[in-house]
Amino acid sequence: MTVKSTPLNAVTAHKQYSEMADTPNVHTTNRNVRSTQGQRTQGQDAYPSRLASASAQTWLPRQDAVVKGRQLSGPLSQAQLDEFERKGFLFIPNLIEGAELEELRQEMKALMSNDEYLNQDFSVTEPESQEIRSLFAVHFLSERLGKLASDERVAGAARQIIGDDPYVHQSRINYKPGFAGKGFNWHSDFETWHAEDGMPAMHAVSASLILTDNHEFNGPLMLIPGSHKKFVPCLGETPEDNHKSSLKAQEVGVPSPEALTELVAEHGIEAPKGKAGGLLLFDCNTLHASNANLSPDPRSNVFFVFNRQDNRCREPYAAAKQRPDFLAHSPDQQAQQYR
Ligand code: 6CS
Ligand code: FE
């Protein structure tokens with residue numbers, strides 16, 4: 001079930017970004033040119049962000065195709081790929097049901113209650129309580145979730161979108177406990193992955209399997225349809241060890257209220273909701289956010305970010321040093337490091 005807000009202006013025309021240039025390397029020329037702060041000079045970067053002063057333009061056009069594997073076989077129909085291309089996300093209700101879903105829910109519970117993970121850097125607590133907000137690297141911590149990450153229903157969909165065999169760039173459970181679960185500010189994931197992890201281009205997709213029913217009261221994900229075709233440069237340089245606070249509450253790498261107002265006026269907001277077992281695929285540059293969970297029910301999901309090998313992370317574009325690998329795995333990383 002997709003519940004749609006009323007956009008102020010209907011989105012009427014969409015350029016077929018599949019027709020656009022698709023070479024990640026165009027973004028990495030001159031990547032050794034650095035400013036005095038250890039960051040690349042922004043002149044060569046197609047997606048400049050973490051700026052010292054406000055950008056003249058609210059947004060810059062996306063340089064990379066959105067759907068790159070239409071010719072590949074996989075679980076998504078051409079109509080589903082069209083919807084993804086147009087909106088920057090696609091919700092597939094009831095992808096997983098019955099005993100299989102129950103098994104995944106039990107696996108999540110086991111992971112969330114494993115005391116060994118408390119106080120590890122890859123488990124992040126809520127800003128105002130000790131409840132776990134996010135547990136990272138779950139495809140390595142759990143064999144069952146590792147299997148889900150390579151399941152054709154999930155990884156095959158990612159391959160059709162990104163156009164090549166995927167690897168897992170990041171995985172996590174976002175638990176969002178009842179009453180205590182805080183929200184996530186508006187952001188594009190790509191903005192962070194480019195600035196802080198050195199992901200060159202927009203060739204990544206997130207696959208989020210909802211493990212509890214998502215309803216209007218437990219802080220479901222909200223997305224701005226069509227925003228994936230616009231890169232919004234953000235104001236404010238990246239502080240040292242930004243991830244230590246940004247994973248609890250992101251303050252840097254968030255578009256200004258003015259930019260968000262403009263984008264929402266044009267595109268509206270949608271919040272796909274539904275029963276546990278639905279899969280949300282969303283582009284790495286689609287702007288999204290969620291509210292706090294003031295209901296008694298947790299809103300939990302497990303998600304995998306799939307990236308293309310030729311788009312693997314290099315040096316950060318706007319941060320002094322790389323983040324830990326639980327936030328940005330390399331294609332050759334092994335599970336053993338986490339078990
Ligand atoms: O830091 C990350 O990789 C992810 N987490 C947050 C809160 N924002 C950016 C990205 O989605
Ligand atoms: Fe995000």
# chains A, B, ... in the order shown; residues from 1 in each chain; ligands from 1

$ select_by_dssp --residues "stretch 161-197 of chain A" --states "alpha helix (DSSP H)" --output "list in words"
Ile161, Ile162, Asp189, Phe190, Glu191, Thr192, Trp193, His194, Ala195, Glu196 and Asp197 of chain A

$ write_last_selection --atoms "N, CA and C atoms" --output "JSON list (two decimals), in the first residue's frame"
[["chain", "number", "residue", "atom", "x", "y", "z"],
["A", 161, "ILE", "N", 19.01, -2.60, -11.38],
["A", 161, "ILE", "CA", 19.06, -1.14, -11.23],
["A", 161, "ILE", "C", 20.46, -0.60, -11.47],
["A", 162, "ILE", "N", 21.47, -1.21, -10.85],
["A", 162, "ILE", "CA", 22.81, -0.61, -10.97],
["A", 162, "ILE", "C", 23.57, -1.10, -12.19],
["A", 189, "ASP", "N", 21.58, 9.80, 0.99],
["A", 189, "ASP", "CA", 22.67, 8.92, 1.44],
["A", 189, "ASP", "C", 23.93, 9.18, 0.61],
["A", 190, "PHE", "N", 23.72, 9.37, -0.69],
["A", 190, "PHE", "CA", 24.88, 9.56, -1.57],
["A", 190, "PHE", "C", 25.71, 10.78, -1.14],
["A", 191, "GLU", "N", 25.02, 11.80, -0.68],
["A", 191, "GLU", "CA", 25.76, 13.00, -0.24],
["A", 191, "GLU", "C", 26.80, 12.62, 0.81],
["A", 192, "THR", "N", 26.38, 11.81, 1.79],
["A", 192, "THR", "CA", 27.32, 11.37, 2.84],
["A", 192, "THR", "C", 28.37, 10.41, 2.27],
["A", 193, "TRP", "N", 27.93, 9.45, 1.46],
["A", 193, "TRP", "CA", 28.87, 8.44, 0.97],
["A", 193, "TRP", "C", 29.92, 9.05, 0.04],
["A", 194, "HIS", "N", 29.53, 10.06, -0.71],
["A", 194, "HIS", "CA", 30.46, 10.77, -1.59],
["A", 194, "HIS", "C", 31.42, 11.62, -0.73],
["A", 195, "ALA", "N", 30.84, 12.47, 0.12],
["A", 195, "ALA", "CA", 31.66, 13.40, 0.91],
["A", 195, "ALA", "C", 32.55, 12.67, 1.90],
["A", 196, "GLU", "N", 31.98, 11.68, 2.61],
["A", 196, "GLU", "CA", 32.71, 11.10, 3.76],
["A", 196, "GLU", "C", 33.37, 9.76, 3.44],
["A", 197, "ASP", "N", 32.86, 9.04, 2.43],
["A", 197, "ASP", "CA", 33.42, 7.71, 2.13],
["A", 197, "ASP", "C", 34.11, 7.65, 0.77]]

$ residues_near_ligand --ligand "ligand 1" --cutoff "8 Å" --atoms "only C-alpha atoms and all ligand atoms" --output "PyMOL selection string"
chain A and resi 170+184-185+187-193+243+246-250+253+327-328

$ select_by_dssp --residues "stretch 146-281 of chain A" --states "strand (DSSP E)" --output "ChimeraX atom specification"
/A:166-174,184-187,204-210,221-223,230-231,270-272,279-281

$ write_last_selection --atoms "C-alpha atoms" --output "PDB file, in the first residue's frame"
ATOM      1  CA  PRO A 166      26.468  -5.742  -6.673  1.00  0.00           C
ATOM      2  CA  TYR A 167      28.571  -5.859  -3.511  1.00  0.00           C
ATOM      3  CA  VAL A 168      27.312  -4.746  -0.107  1.00  0.00           C
ATOM      4  CA  HIS A 169      28.646  -1.267   0.636  1.00  0.00           C
ATOM      5  CA  GLN A 170      26.782  -0.958   3.953  1.00  0.00           C
ATOM      6  CA  SER A 171      24.232  -3.052   5.852  1.00  0.00           C
ATOM      7  CA  ARG A 172      22.262  -2.293   8.965  1.00  0.00           C
ATOM      8  CA  ILE A 173      19.218  -2.926  11.069  1.00  0.00           C
ATOM      9  CA  ASN A 174      17.425   0.268  12.022  1.00  0.00           C
ATOM     10  CA  PHE A 184      16.230  10.777  10.838  1.00  0.00           C
ATOM     11  CA  ASN A 185      16.663  14.266   9.364  1.00  0.00           C
ATOM     12  CA  TRP A 186      16.226  14.798   5.614  1.00  0.00           C
ATOM     13  CA  HIS A 187      19.270  13.626   3.667  1.00  0.00           C
ATOM     14  CA  ALA A 204      24.267   2.440  -5.506  1.00  0.00           C
ATOM     15  CA  VAL A 205      20.804   1.379  -4.370  1.00  0.00           C
ATOM     16  CA  SER A 206      19.381   0.580  -0.932  1.00  0.00           C
ATOM     17  CA  ALA A 207      17.091  -2.404  -0.363  1.00  0.00           C
ATOM     18  CA  SER A 208      15.174  -2.104   2.897  1.00  0.00           C
ATOM     19  CA  LEU A 209      13.091  -5.068   4.048  1.00  0.00           C
ATOM     20  CA  ILE A 210      10.555  -3.974   6.625  1.00  0.00           C
ATOM     21  CA  LEU A 221      10.235   6.436   5.910  1.00  0.00           C
ATOM     22  CA  MET A 222       9.228   9.516   3.919  1.00  0.00           C
ATOM     23  CA  LEU A 223      10.738  10.169   0.498  1.00  0.00           C
ATOM     24  CA  LYS A 230      18.916  16.575  -8.216  1.00  0.00           C
ATOM     25  CA  PHE A 231      22.054  16.797  -6.118  1.00  0.00           C
ATOM     26  CA  GLU A 270       5.410   9.989  -0.152  1.00  0.00           C
ATOM     27  CA  ALA A 271       5.519   7.462   2.671  1.00  0.00           C
ATOM     28  CA  PRO A 272       5.158   3.860   1.507  1.00  0.00           C
ATOM     29  CA  LEU A 279      10.754  -4.406   0.317  1.00  0.00           C
ATOM     30  CA  LEU A 280      11.584  -0.770  -0.385  1.00  0.00           C
ATOM     31  CA  LEU A 281      14.225  -0.152  -3.034  1.00  0.00           C
TER      32      LEU A 281
END

$ atom_distance --atom1 "atom CA of A:Arg62" --atom2 "atom CA of A:Pro75"
26.3 Å

$ residues_around --residues "stretch 84-97 of chain A" --least-positions-apart "5" --cutoff "10 Å" --atoms "only C-alpha atoms" --output "compact mmCIF listing (two decimals) with C-alpha atoms, in the first residue's frame"
# COMPACT_ATOMS: atom_id res chain seq x y z
CA MET A 1 0.00 0.00 0.00
CA THR A 2 1.42 3.36 -0.96
CA VAL A 11 5.47 15.95 -11.50
CA ALA A 13 7.86 15.18 -17.14
CA HIS A 14 10.91 13.06 -16.42
CA LYS A 15 14.04 12.88 -18.45
CA GLN A 16 15.11 9.33 -19.14
CA TYR A 17 18.31 9.26 -17.15
CA SER A 18 19.07 5.82 -18.56
CA ALA A 65 21.95 7.17 -15.21
CA VAL A 66 19.35 5.85 -12.74
CA VAL A 67 18.46 2.40 -14.15
CA LYS A 68 21.43 0.76 -15.82
CA LEU A 76 11.76 -6.56 -11.60
CA GLN A 78 10.11 -3.10 -17.03
CA ALA A 79 7.13 -1.25 -15.47
CA GLU A 102 9.15 -15.10 11.00
CA GLU A 103 12.65 -16.59 10.78
CA LEU A 104 14.07 -13.20 9.76
CA ARG A 153 14.83 -11.36 -5.08
CA VAL A 154 16.93 -8.64 -3.44
CA ILE A 161 19.06 -1.14 -11.23
CA VAL A 205 20.80 1.38 -4.37
CA SER A 206 19.38 0.58 -0.93
CA ALA A 207 17.09 -2.40 -0.36
CA SER A 208 15.17 -2.10 2.90
CA LEU A 209 13.09 -5.07 4.05
CA ILE A 210 10.56 -3.97 6.63
CA LEU A 211 10.48 -6.43 9.54
CA LEU A 223 10.74 10.17 0.50
CA ILE A 224 10.68 13.03 -2.02
CA PRO A 225 9.84 11.37 -5.34
CA GLY A 226 12.04 12.65 -8.17
CA SER A 227 14.64 14.18 -5.84
CA HIS A 228 17.17 11.52 -6.93
CA LYS A 229 17.72 13.52 -10.14
CA HIS A 267 7.65 16.92 -5.93
CA GLU A 270 5.41 9.99 -0.15
CA ALA A 271 5.52 7.46 2.67
CA PRO A 272 5.16 3.86 1.51
CA LYS A 273 3.63 1.86 4.36
CA GLY A 274 2.61 -1.72 4.68
CA LYS A 275 2.95 -5.04 6.37
CA ALA A 276 6.20 -6.60 7.50
CA GLY A 277 7.85 -8.41 4.60
CA GLY A 278 7.59 -5.54 2.09
CA LEU A 279 10.75 -4.41 0.32
CA LEU A 280 11.58 -0.77 -0.39
CA LEU A 281 14.22 -0.15 -3.03
CA PHE A 282 15.51 3.41 -3.14
CA ASP A 283 18.15 5.21 -5.11
CA CYS A 284 21.26 6.41 -3.28
CA ASN A 285 20.37 10.04 -3.99
CA THR A 286 16.65 10.07 -3.13
CA LEU A 287 16.02 12.53 -0.31

$ closest_residue --among "A:Gly146, A:Ala318, A:Ser134, A:Pro298" --to "ligand 2" --atoms "only C-alpha atoms and all ligand atoms"
A:Ser134

$ closest_residue --among "A:Ser290, A:Gln309, A:Ser295, A:Gln120" --to "ligand 2" --atoms "only C-alpha atoms and all ligand atoms"
A:Ser290

$ atom_distance --atom1 "atom CA of A:Ala149" --atom2 "atom CA of A:Ala335"
12.8 Å

$ closest_residue --among "A:His215, A:Arg339, A:Phe303, A:Gln57" --to "ligand 2" --atoms "only C-alpha atoms and all ligand atoms"
A:Phe303

$ residues_around --residues "A:Tyr338" --least-positions-apart "6" --cutoff "12 Å" --atoms "only C-alpha atoms" --output "PDB file with C-alpha atoms, in the first residue's frame"
ATOM      1  CA  GLU A 116      28.468  -8.878  22.753  1.00  0.00           C
ATOM      2  CA  TYR A 117      27.460  -6.080  20.402  1.00  0.00           C
ATOM      3  CA  GLN A 120      30.935  -1.901  19.840  1.00  0.00           C
ATOM      4  CA  ASP A 121      31.458   0.888  17.347  1.00  0.00           C
ATOM      5  CA  PHE A 122      29.125  -0.815  14.848  1.00  0.00           C
ATOM      6  CA  PHE A 136      25.699  -2.241  11.217  1.00  0.00           C
ATOM      7  CA  ALA A 137      27.494  -4.982   9.250  1.00  0.00           C
ATOM      8  CA  VAL A 138      24.572  -7.357   9.847  1.00  0.00           C
ATOM      9  CA  HIS A 139      25.236  -9.324   6.640  1.00  0.00           C
ATOM     10  CA  PHE A 140      28.573 -10.264   8.240  1.00  0.00           C
ATOM     11  CA  LEU A 141      27.328 -10.707  11.824  1.00  0.00           C
ATOM     12  CA  SER A 142      24.529 -13.063  10.729  1.00  0.00           C
ATOM     13  CA  GLU A 143      24.756 -15.914   8.226  1.00  0.00           C
ATOM     14  CA  ASP A 325      34.705   0.065   7.308  1.00  0.00           C
ATOM     15  CA  PHE A 326      31.447  -0.977   9.032  1.00  0.00           C
ATOM     16  CA  HIS A 329      32.811  -1.965   3.199  1.00  0.00           C
TER      17      HIS A 329
END

$ closest_residue --among "A:Ser77, A:Ser123, A:Gln160, A:Thr238" --to "A:Tyr175" --atoms "only C-alpha atoms"
A:Ser123

$ residues_around --residues "A:Val232" --least-positions-apart "6" --cutoff "7 Å" --atoms "only C-alpha atoms" --output "NGL selection string"
:A and (58-60 or 255)

$ write_last_selection --atoms "C-alpha atoms" --output "CSV table (one decimal), in the first residue's frame"
chain,number,residue,atom,x,y,z
A,58,THR,CA,19.8,25.0,-4.8
A,59,TRP,CA,20.6,21.8,-6.7
A,60,LEU,CA,22.8,20.5,-9.5
A,255,PRO,CA,19.8,20.3,2.8
